[in-house]
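Trainee: Structure incoming, see below.
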Number of protein chains: 6
Amino acid sequence: MSDPRFTPRRGFGWLEPEFSDYESSRVVVLPVPYDSTASGWGGSREGPWAILEASGNMELYDIGIGREPFRAGIHTLPELAVHTGDAGAMIDRIESVVCEQIDAGKFVVTLGGEHTVAVGSARAHAKRFPDMSVLAFDANADFRDSYLDSPYNHACTLRRISEVAPIVEVGLRSAEKDEHDELREAGLPFYQPAEYRALGPEAIAGQLSDNVYLTFDLDAFDSSVMSAVGTPEPGGLHWDEVSELLAVIAQRRRIVGFDVTELAPQLGPRANAQLAAKLAYRLIGLALRE
Amino acid sequence: MSDPRFTPRRGFGWLEPEFSDYESSRVVVLPVPYDSTASGWGGSREGPWAILEASGNMELYDIGIGREPFRAGIHTLPELAVHTGDAGAMIDRIESVVCEQIDAGKFVVTLGGEHTVAVGSARAHAKRFPDMSVLAFDANADFRDSYLDSPYNHACTLRRISEVAPIVEVGLRSAEKDEHDELREAGLPFYQPAEYRALGPEAIAGQLSDNVYLTFDLDAFDSSVMSAVGTPEPGGLHWDEVSELLAVIAQRRRIVGFDVTELAPQLGPRANAQLAAKLAYRLIGLALRE
Amino acid sequence: MSDPRFTPRRGFGWLEPEFSDYESSRVVVLPVPYDSTASGWGGSREGPWAILEASGNMELYDIGIGREPFRAGIHTLPELAVHTGDAGAMIDRIESVVCEQIDAGKFVVTLGGEHTVAVGSARAHAKRFPDMSVLAFDANADFRDSYLDSPYNHACTLRRISEVAPIVEVGLRSAEKDEHDELREAGLPFYQPAEYRALGPEAIAGQLSDNVYLTFDLDAFDSSVMSAVGTPEPGGLHWDEVSELLAVIAQRRRIVGFDVTELAPQLGPRANAQLAAKLAYRLIGLALRE
Amino acid sequence: MSDPRFTPRRGFGWLEPEFSDYESSRVVVLPVPYDSTASGWGGSREGPWAILEASGNMELYDIGIGREPFRAGIHTLPELAVHTGDAGAMIDRIESVVCEQIDAGKFVVTLGGEHTVAVGSARAHAKRFPDMSVLAFDANADFRDSYLDSPYNHACTLRRISEVAPIVEVGLRSAEKDEHDELREAGLPFYQPAEYRALGPEAIAGQLSDNVYLTFDLDAFDSSVMSAVGTPEPGGLHWDEVSELLAVIAQRRRIVGFDVTELAPQLGPRANAQLAAKLAYRLIGLALRE
Amino acid sequence: MSDPRFTPRRGFGWLEPEFSDYESSRVVVLPVPYDSTASGWGGSREGPWAILEASGNMELYDIGIGREPFRAGIHTLPELAVHTGDAGAMIDRIESVVCEQIDAGKFVVTLGGEHTVAVGSARAHAKRFPDMSVLAFDANADFRDSYLDSPYNHACTLRRISEVAPIVEVGLRSAEKDEHDELREAGLPFYQPAEYRALGPEAIAGQLSDNVYLTFDLDAFDSSVMSAVGTPEPGGLHWDEVSELLAVIAQRRRIVGFDVTELAPQLGPRANAQLAAKLAYRLIGLALRE
Amino acid sequence: MSDPRFTPRRGFGWLEPEFSDYESSRVVVLPVPYDSTASGWGGSREGPWAILEASGNMELYDIGIGREPFRAGIHTLPELAVHTGDAGAMIDRIESVVCEQIDAGKFVVTLGGEHTVAVGSARAHAKRFPDMSVLAFDANADFRDSYLDSPYNHACTLRRISEVAPIVEVGLRSAEKDEHDELREAGLPFYQPAEYRALGPEAIAGQLSDNVYLTFDLDAFDSSVMSAVGTPEPGGLHWDEVSELLAVIAQRRRIVGFDVTELAPQLGPRANAQLAAKLAYRLIGLALRE
């Protein structure tokens with residue numbers, strides 16, 4: 001009953017109702033416009049809608065993997081309301097919504113907002129996929145136990161996640177010395193780009209369990225590729241190598257859910273939002289390929 | 001069944017479904033992201049969504065008129081698809097959609113896009129309200145018969161509209177000499193701000209028939225008030241005097257529909273989108289007051 | 001011992017050490033880069049430094065009042081660290097620092113950040129000046145008891161402040177209906193611009209006790225004057241009328257402290273930061289005139 | 001021989017060759033993209049081209065004065081090359097070019113660039129019109145004898161000009177105390193906006209000799225009207241009152257030349273460039289009205 | 001007769017009259033500020049002047065190829081006027097102007113504007129060089145027969161061009177599935193970046209006839225290299241590999257004309273305009289090297 | 001005595017007083033906000049503060065070299081005052097301040113501002129380290145004897161420096177033909193990126209004397225890596241190869257001082273300022289490693 005005189009609504013991919021109604025959609029996208037703990041350059045609260053806006057500027061056939069991911073159905077939920085008083089309560093809210101969606105048989109894509117939102121989503125997936133491991137893309141270790149008086153600050157994200165599932169990080173190039181010492185002493189698999197390049201994607205896949213939750217802080221990309229993030233860093237990953245790694249992970253493991261976070265659209269060109277949209281779309285295509 | 005963990009979707013006013021479902025809504029908002037004939041500074045295609053985005057930043061009680069316009073129900077239609085080959089066909093599309101909505105008993109608010117979109121909306125209203133007159137806010141005469149090879153260029157908007165209903169313009173301060181001579185010779189009521197101030201709002205109301213369609217090119221405002229338009233002009237109207245005129249018109253006449261056009265959000269601060277949203281909300285409140 | 005080969009450091013006014021050393025300064029400026037509870041358009045965390053940066057672009061003689069406020073000495077404290085987990089704890093931190101500075105004999109100027117920071121500053125002043133009243137400039141009522149799950153959300157600021165001192169507001173033009181009803185039923189002196197204009201500055205002064213704490217949310221200004229705020233509103237106050245009101249208040253009452261908040265510099269032109277700097281400098285000049 | 005398939009070139013007004021060839025033009029526009037002495041916020045080097053660009057967005061009939069100024073012919077010279085080593089040499093270059101143009105019978109319009117460029121233009125006019133006086137619009141006194149080691153810094157502009165012709169300033173609201181004391185002690189006619197409003201335009205005209213050179217630093221405007229300047233100041237002049245003053249001056253005196261300076265387009269909305277273009281066009285129309 | 005006190009006018013390269021007069025110039029640059037069919041992010045109408053502006057920031061000796069292309073003479077035509085009612089008529093206008101220039105012995109460089117303008121330029125060249133083939137750089141297939149109701153929408157550009165000359169595309173990474181299937185079934189040489197890298201530049205040259213028209217949609221570049229386009233895509237071409245391919249094509253074939261399109265300057269940093277200018281200058285140098 | 005309720009002041013790295021007091025610091029950072037000779041796109045006067053601001057967004061442990069450079073102490077001087085009348089006098093001022101700091105036993109880091117500021121810093125170092133050589137990173141030859149009437153224009157920087165010490169340049173890809181011919185005829189080691197890649201870092205080290213002064217014009221980077229410069233150029237150096245070269249130089253030679261110049265923050269994303277901060281921090285870590 002789609003009327004060609006109208007453009008579809010601005011959910012992810014700007015899809016016709018046939019491919020975006022809740023009931024028939026395999027995928028739900030959860031926008032979380034939250035950046036209350038961001039301590040440096042802010043604005044990731046505007047990330048989810050920038051991604052949704054840019055997603056209408058994508059072609060719906062992903063030439064890179066030869067698929068049309070939208071055919072599985074992608075429904076975009078309304079934005080999660082922000083809890084402004086307490087970061088922990090916000091994470092609980094995310095966790096509860098994601099759990100409900102998994103229980104409803106949906107594949108959940110969480111769009112941040114700051115990286116902290118990943119804690120809620122990862123916890124929900126860890127409850128439903130107890131044997132899962134986590135593949136994190138991030139420029140920062142995010143491994144402090146507490147920062148600026150809060151255990152849920154975005155500088156603590158990967159530590160909080162590591163408490164619910166084993167974690168492998170790719171893209172590391174910024175940390176405090178104590179964090180880094182702790183990572184090295186514990187032998188945690190946090191890889192700098194050069195280390196990752198030496199290992200290759202198969203080795204990363206080999207360190208992950210069958211079910212993989214993927215958390216993507218966009219600052220893992222080199223700052224020439226992605227400047228619209230709160231802590232842009234040179235010396236990072238490029239699109240083609242990320243694409244290759246994702247393809248290998250999807251082939252060797254099962255991606256059970258993912259998040260894309262930290263886009264602060266005012267800090268870079270609009271092209272960055274489009275890249276984030278394309279990344280999320282690619283991941284949907286890869287995750288649902290079976 | 002609204003879930004407090006979520007923010008309502010980004011239709012006009014970001015309203016809960018209770019106040020934005022199509023069936024129960026008295027008002028429909030039609031976004032028309034069209035700027036294909038714009039010859040100078042472009043970008044009004046991004047106007048409708050900038051207004052919808054900003055409308056979520058408004059309080060829903062309009063203190064200035066002591067009402068809550070959303071209680072009448074405001075449904076936002078999907079965006080009209082753009083016809084890129086032929087401006088006349090685009091206007092026909094607008095006209096047909098607006099006619100359908102009027103016939104369905106809705107009060108229609110058209111959000112441009114360039115001022116040209118007003119031609120389609122005004123024509124639809126003129127068909128359904130044959131005795132209506134038009135109150136136009138505009139910095140430009142927009143009275144050329146054709147411009148840049150097209151009779152539907154945005155420089156011809158008010159001429160096209162004047163062919164279907166008598167028109168009164170307020171805010172004029174830019175025109176070609178031929179246009180201006182023609183207006184003066186024909187004695188058309190196109191008022192410069194100083195002329196309007198000398199006349200006052202009651203005199204304007206007196207020149208309009210009972211049913212009034214209102215077309216608002218945002219460049220009628222002084223460029224200090226509204227810079228995000230393609231042809232910003234100093235020497236224009238200020239918010240308080242526009243507010244007063246609208247209140248008088250609403251009291252003396254019946255507003256049967258309106259459009260708000262020409263917001264090009266990249267050309268000015270975000271505050272301009274919020275002003276446009278507040279203007280549309282005020283007009284809804286005034287129009288539906290009975 | 002100032003070296004003419006160097007520009008003074010970027011504290012408020014970019015003053016030579018002679019006029020900005022802590023010991024000899026009568027005034028301290030406290031920058032609070034906090035915007036964690038902001039629910040709409042963010043970025044006021046960048047306000048304090050935008051004001052400090054712009055303050056170097058001012059002349060140090062204020063022609064409007066014929067004084068050189070810097071001669072009293074203006075020391076700029078380091079920025080307050082942000083507590084990212086709990087808004088209440090952040091307000092407590094502000095309160096404790098402001099109390100310490102008052103106790104050290106300083107006149108304290110707090111630069112936000114979101115309006116919430118005013119709660120901490122106002123509380124500190126209310127403890128030290130128990131008979132004080134508060135003059136608030138604000139477009140919004142900010143009178144909700146709780147918002148987005150927090151009693152310290154910036155939509156609750158004036159309610160929190162009203163709990164420690166009687167309050168008069170000027171500039172109101174945005175509120176929820178319940179808030180507005182409550183204000184009117186309680187007969188609280190919250191004035192819309194037109195109401196203020198009808199009363200005049202002397203009447204406002206008459207409603208305040210001898211000691212006045214002034215809290216200035218920059219959205220009190222008309223959005224043509226100040227667009228770089230999270231909730232810009234048309235129909236607001238203009239510079240000259242604010243200047244006049246401040247002059248009268250300073251003449252009739254004693255200003256014991258003030259804050260300037262809500263500048264979100266990325267949302268408007270740099271001129272807005274300069275206006276905020278000039279406003280703060282004017283207020284220092286007026287407050288210390290005796 | 002104009003070819004309707006092409007838009008005219010981007011000289012002032014984007015005029016057809018018939019109205020912009022050097023020989024037949026009464027007016028020459030001299031763009032001077034110079035801002036080397038600017039000490040605060042820079043970028044006025046981009047002002048001349050921003051004005052030329054925006055001038056193509058104007059209607060060529062000036063409704064406000066009922067004339068078509070372009071009919072006198074307006075030729076835009078190439079941009080003056082910048083002398084980067086020595087401000088004095090740059091001013092000499094401006095003076096020599098302006099003298100040549102006056103001698104060729106042209107009415108010269110100088111577009112800055114920083115206000116310093118006015119010194120060169122004013123000197124040239126003072127040589128050719130020995131009895132002229134100067135009407136300056138400016139927020140700043142610009143009356144220092146030297147600043148940042150240079151007598152040609154933009155903070156010294158009006159002092160340098162006052163050395164070649166008597167000067168009246170309107171718009172003053174920023175100065176150092178020494179400057180201001182000096183102005184008052186010497187009884188120089190430098191008027192703050194409120195002082196000007198008390199006097200009215202006829203009184204200003206009365207203080208000027210028959211031949212008037214007009215120098216317009218755009219920061220004379222209120223910063224809501226014009227934010228794209230290096231030292232934006234609230235409390236300034238509005239468009240309508242400037243328009244009125246210019247009309248009276250043109251009626252009572254003879255404008256022999258003028259400059260428009262200090263537009264730094266990146267600091268404000270594009271609307272500011274259009275206002276500057278319209279101001280220059282209005283002044284051409286007024287000056288050449290006889 | 002060049003006067004060193006002036007900077008040359010802002011035609012391509014900001015060249016002295018000696019190297020930019022029409023008669024003596026081998027090259028003409030045709031700016032076409034047209035983006036009426038753009039359906040997503042607009043603004044390429046501002047591309048031609050952004051390129052001309054940036055071209056003055058280039059050194060005129062191209063170190064990469066050891067030549068001074070300006071010595072052949074480069075004249076910049078006035079901008080083509082926009083036909084706002086009908087995209088087909090606009091393309092006809094481009095075609096007629098380009099034909100005239102080829103007939104006058106000029107090498108024509110067309111600066112868009114949206115990619116659609118290439119249809120007019122390619123058609124003109126195909127008429128004058130009947131055996132020519134086309135090398136297209138593009139991220140998109142642009143191979144739809146009609147889009148948004150128009151056969152001249154920018155999504156149809158390469159299809160329209162392929163109707164007048166055989167085409168090879170490099171840079172493909174975005175298409176609809178139907179387009180892509182059609183391309184593959186027809187065996188058309190549309191290469192993704194990885195496919196191009198596997199083939200190498202000589203193989204591309206081998207697929208082209210002696211006379212080559214080159215159409216360059218700037219989105220062929222990786223979005224880290226070029227973000228100022230309407231459809232920025234990661235995974236694209238980098239500067240060095242494009243430079244190498246162009247050098248090989250120029251060596252093996254004869255470039256008879258080219259266009260550079262789709263720069264939307266507001267969408268990325270100014271550096272993107274400079275890259276586009278340098279690309280056009282490089283192509284001039286390569287094309288005229290014999 | 002650091003108070004955890006406050007963030008340290010915004011000197012380089014936003015360091016606690018313990019690591020930034022003048023006396024105990026091995027390093028001094030000298031901000032020079034000077035861009036008076038810039039002829040093209042300006043704004044590098046804002047570079048130093050953009051770098052200082054961004055430096056607070058860095059982690060203080062440099063994972064890439066496994067060190068914490070701040071432990072040596074880094075004191076940020078106040079900004080150098082600008083001499084607006086005479087570029088030569090400005091350079092003398094820089095030279096005198098840098099000499100004083102070297103004599104006080106400090107390692108001096110100069111932050112531009114335009115590249116011209118390097119002349120003052122290099123001269124000071126050449127006086128104190130008579131046998132030093134200079135390693136220059138630059139896209140431009142900067143080897144003109146005079147430009148725009150001044151021998152201190154930023155287009156003459158490397159020529160002026162070469163007069164006090166032997167120079168090796170890496171990153172060249174823009175020059176006038178005469179400059180380039182002169183460089184080649186004199187056999188000066190100015191390397192284009194491809195030439196550098198063929199030589200490798202050891203060969204560069206081999207051409208330098210034991211003591212090396214490093215001058216870094218940020219346009220040496222590819223314009224995808226660094227767009228916020230006045231003359232952005234594609235085809236430049238990437239972060240990883242610069243990192244490698246710096247590491248080799250530091251290992252083989254002794255870096256006696258350096259400058260980082262030409263950041264014009266408004267011309268690119270904020271990520272560019274962060275890259276410049278990280279570059280300076282890396283260089284401090286490398287230089288002080290013994």
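Residue numbers start at 1 in each chain; chains themselves are named A, B, ... in the order of the structure tokens; ligands are numbered from 1 in the order shown.
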Run DSSP on the backbone and give me the residues of range 48-171 of chain B it puts in helix (DSSP H, G or I), as a VMD selection string.
Mentor: chain B and resid 48 to 55 69 to 72 87 to 103 117 to 128 154 to 162
Trainee: Find the spatial neighbours of range 270-286 of chain A, counting only C-alpha atoms, within a cut-off of 7 Å - ignore same-chain residues fewer than 4 positions away - and output them as an NGL selection string.
Mentor: (:A and (50-51 or 54-55 or 67 or 69 or 226 or 228 or 247 or 250 or 260 or 265)) or (:E and (223 or 227 or 232-234 or 267))
Trainee: Residues of range 117-221 of chain F classed as strand (DSSP E or B) by DSSP on the backbone are to be reported as a short mmCIF file (atom, residue, chain, number, x, y, z; two decimals) with N, CA and C atoms, in the first residue's frame.
Mentor:
```
data_model
loop_
_atom_site.label_atom_id
_atom_site.label_comp_id
_atom_site.auth_asym_id
_atom_site.auth_seq_id
_atom_site.Cartn_x
_atom_site.Cartn_y
_atom_site.Cartn_z
N SER F 133 71.58 21.07 12.04
CA SER F 133 70.90 21.10 10.74
C SER F 133 69.40 21.10 10.98
N VAL F 134 68.65 21.32 9.90
CA VAL F 134 67.21 21.47 10.03
C VAL F 134 66.50 20.41 9.21
N LEU F 135 65.55 19.73 9.83
CA LEU F 135 64.67 18.84 9.09
C LEU F 135 63.31 19.53 9.00
N ALA F 136 62.91 19.79 7.75
CA ALA F 136 61.65 20.51 7.52
C ALA F 136 60.62 19.57 6.92
N PHE F 137 59.43 19.59 7.49
CA PHE F 137 58.28 18.93 6.87
C PHE F 137 57.43 20.02 6.25
N ASN F 140 55.25 22.74 0.66
CA ASN F 140 55.70 23.80 -0.24
C ASN F 140 57.21 24.00 -0.11
N TYR F 147 58.25 37.70 -1.16
CA TYR F 147 56.92 37.43 -1.72
C TYR F 147 55.95 38.45 -1.16
N SER F 150 57.62 41.17 0.84
CA SER F 150 58.26 40.95 2.13
C SER F 150 59.19 39.74 2.10
N ILE F 167 69.57 22.42 5.44
CA ILE F 167 68.17 22.02 5.57
C ILE F 167 67.87 20.81 4.69
N VAL F 168 67.05 19.92 5.20
CA VAL F 168 66.50 18.79 4.44
C VAL F 168 64.99 18.89 4.54
N GLU F 169 64.31 18.82 3.39
CA GLU F 169 62.85 18.90 3.43
C GLU F 169 62.22 17.59 2.98
N VAL F 170 61.15 17.23 3.64
CA VAL F 170 60.37 16.05 3.26
C VAL F 170 58.91 16.46 3.09
N SER F 174 54.57 21.17 -3.92
CA SER F 174 54.04 22.41 -4.46
C SER F 174 55.16 23.44 -4.48
N ALA F 175 55.37 24.04 -5.63
CA ALA F 175 56.42 25.06 -5.76
C ALA F 175 56.19 25.83 -7.05
N PHE F 190 65.42 18.40 -1.07
CA PHE F 190 63.98 18.62 -0.86
C PHE F 190 63.27 17.45 -1.52
N TYR F 191 62.63 16.61 -0.70
CA TYR F 191 62.10 15.35 -1.21
C TYR F 191 60.57 15.34 -1.32
N ASN F 211 72.98 17.45 15.79
CA ASN F 211 71.90 18.23 16.38
C ASN F 211 70.90 18.63 15.30
N VAL F 212 69.65 18.35 15.55
CA VAL F 212 68.64 18.61 14.53
C VAL F 212 67.55 19.51 15.11
N TYR F 213 67.25 20.57 14.37
CA TYR F 213 66.05 21.36 14.67
C TYR F 213 64.99 20.93 13.69
N LEU F 214 63.79 20.72 14.18
CA LEU F 214 62.73 20.21 13.34
C LEU F 214 61.64 21.26 13.18
N THR F 215 61.33 21.58 11.93
CA THR F 215 60.25 22.54 11.68
C THR F 215 59.15 21.83 10.92
N PHE F 216 57.94 21.87 11.47
CA PHE F 216 56.86 21.05 10.92
C PHE F 216 55.71 21.94 10.47
N ASP F 217 55.63 22.16 9.16
CA ASP F 217 54.45 22.79 8.57
C ASP F 217 53.45 21.66 8.34
N PHE F 221 51.45 16.85 5.73
CA PHE F 221 50.53 15.71 5.72
C PHE F 221 49.63 15.76 4.49
#
```
Trainee: Please identify all polymer residues within 6 Å of Cys156 in chain A, counting only C-alpha atoms, omitting same-chain residues fewer than 4 positions from it, and present them as a PyMOL selection string.
Mentor: chain A and resi 142-145
Trainee: Could the residues in this selection be written to a file with C-alpha atoms, as a PDB file, in the first residue's frame?
Mentor:
```
ATOM      1  CA  ASP A 142      38.269   2.260  28.106  1.00  0.00           C
ATOM      2  CA  PHE A 143      39.473   0.096  30.952  1.00  0.00           C
ATOM      3  CA  ARG A 144      39.392   2.368  33.980  1.00  0.00           C
ATOM      4  CA  ASP A 145      37.469   1.102  36.928  1.00  0.00           C
TER       5      ASP A 145
END
```
Trainee: What does the structure give for the distance between CA of Pro189 in chain C and CA of Thr116 in chain C, in Å to one decimal?
Mentor: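 It comes out at 20.4 Å.
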Trainee: Just the number, please: distance in Å from CA of Phe107 in chain D to CA of Val27 in chain D, one decimal.
Mentor: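 Spanning CA of Phe107 in chain D to CA of Val27 in chain D is a straight-line distance of 4.7 Å.
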Trainee: Return as a list in words the residues belonging to chain A that are within 6 Å of chain C, counting only C-alpha atoms.
Mentor: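 For chain A, the answer reads Ser36, Thr37, His83, Thr84, Gly85, Asp86, Ala87, Leu148, Asp149 and Ser150 of chain A.
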Trainee: What is the CA of Leu60 in chain F-CA of Asp178 in chain A distance in Å, reported with one decimal?
Mentor: 10.9 Å
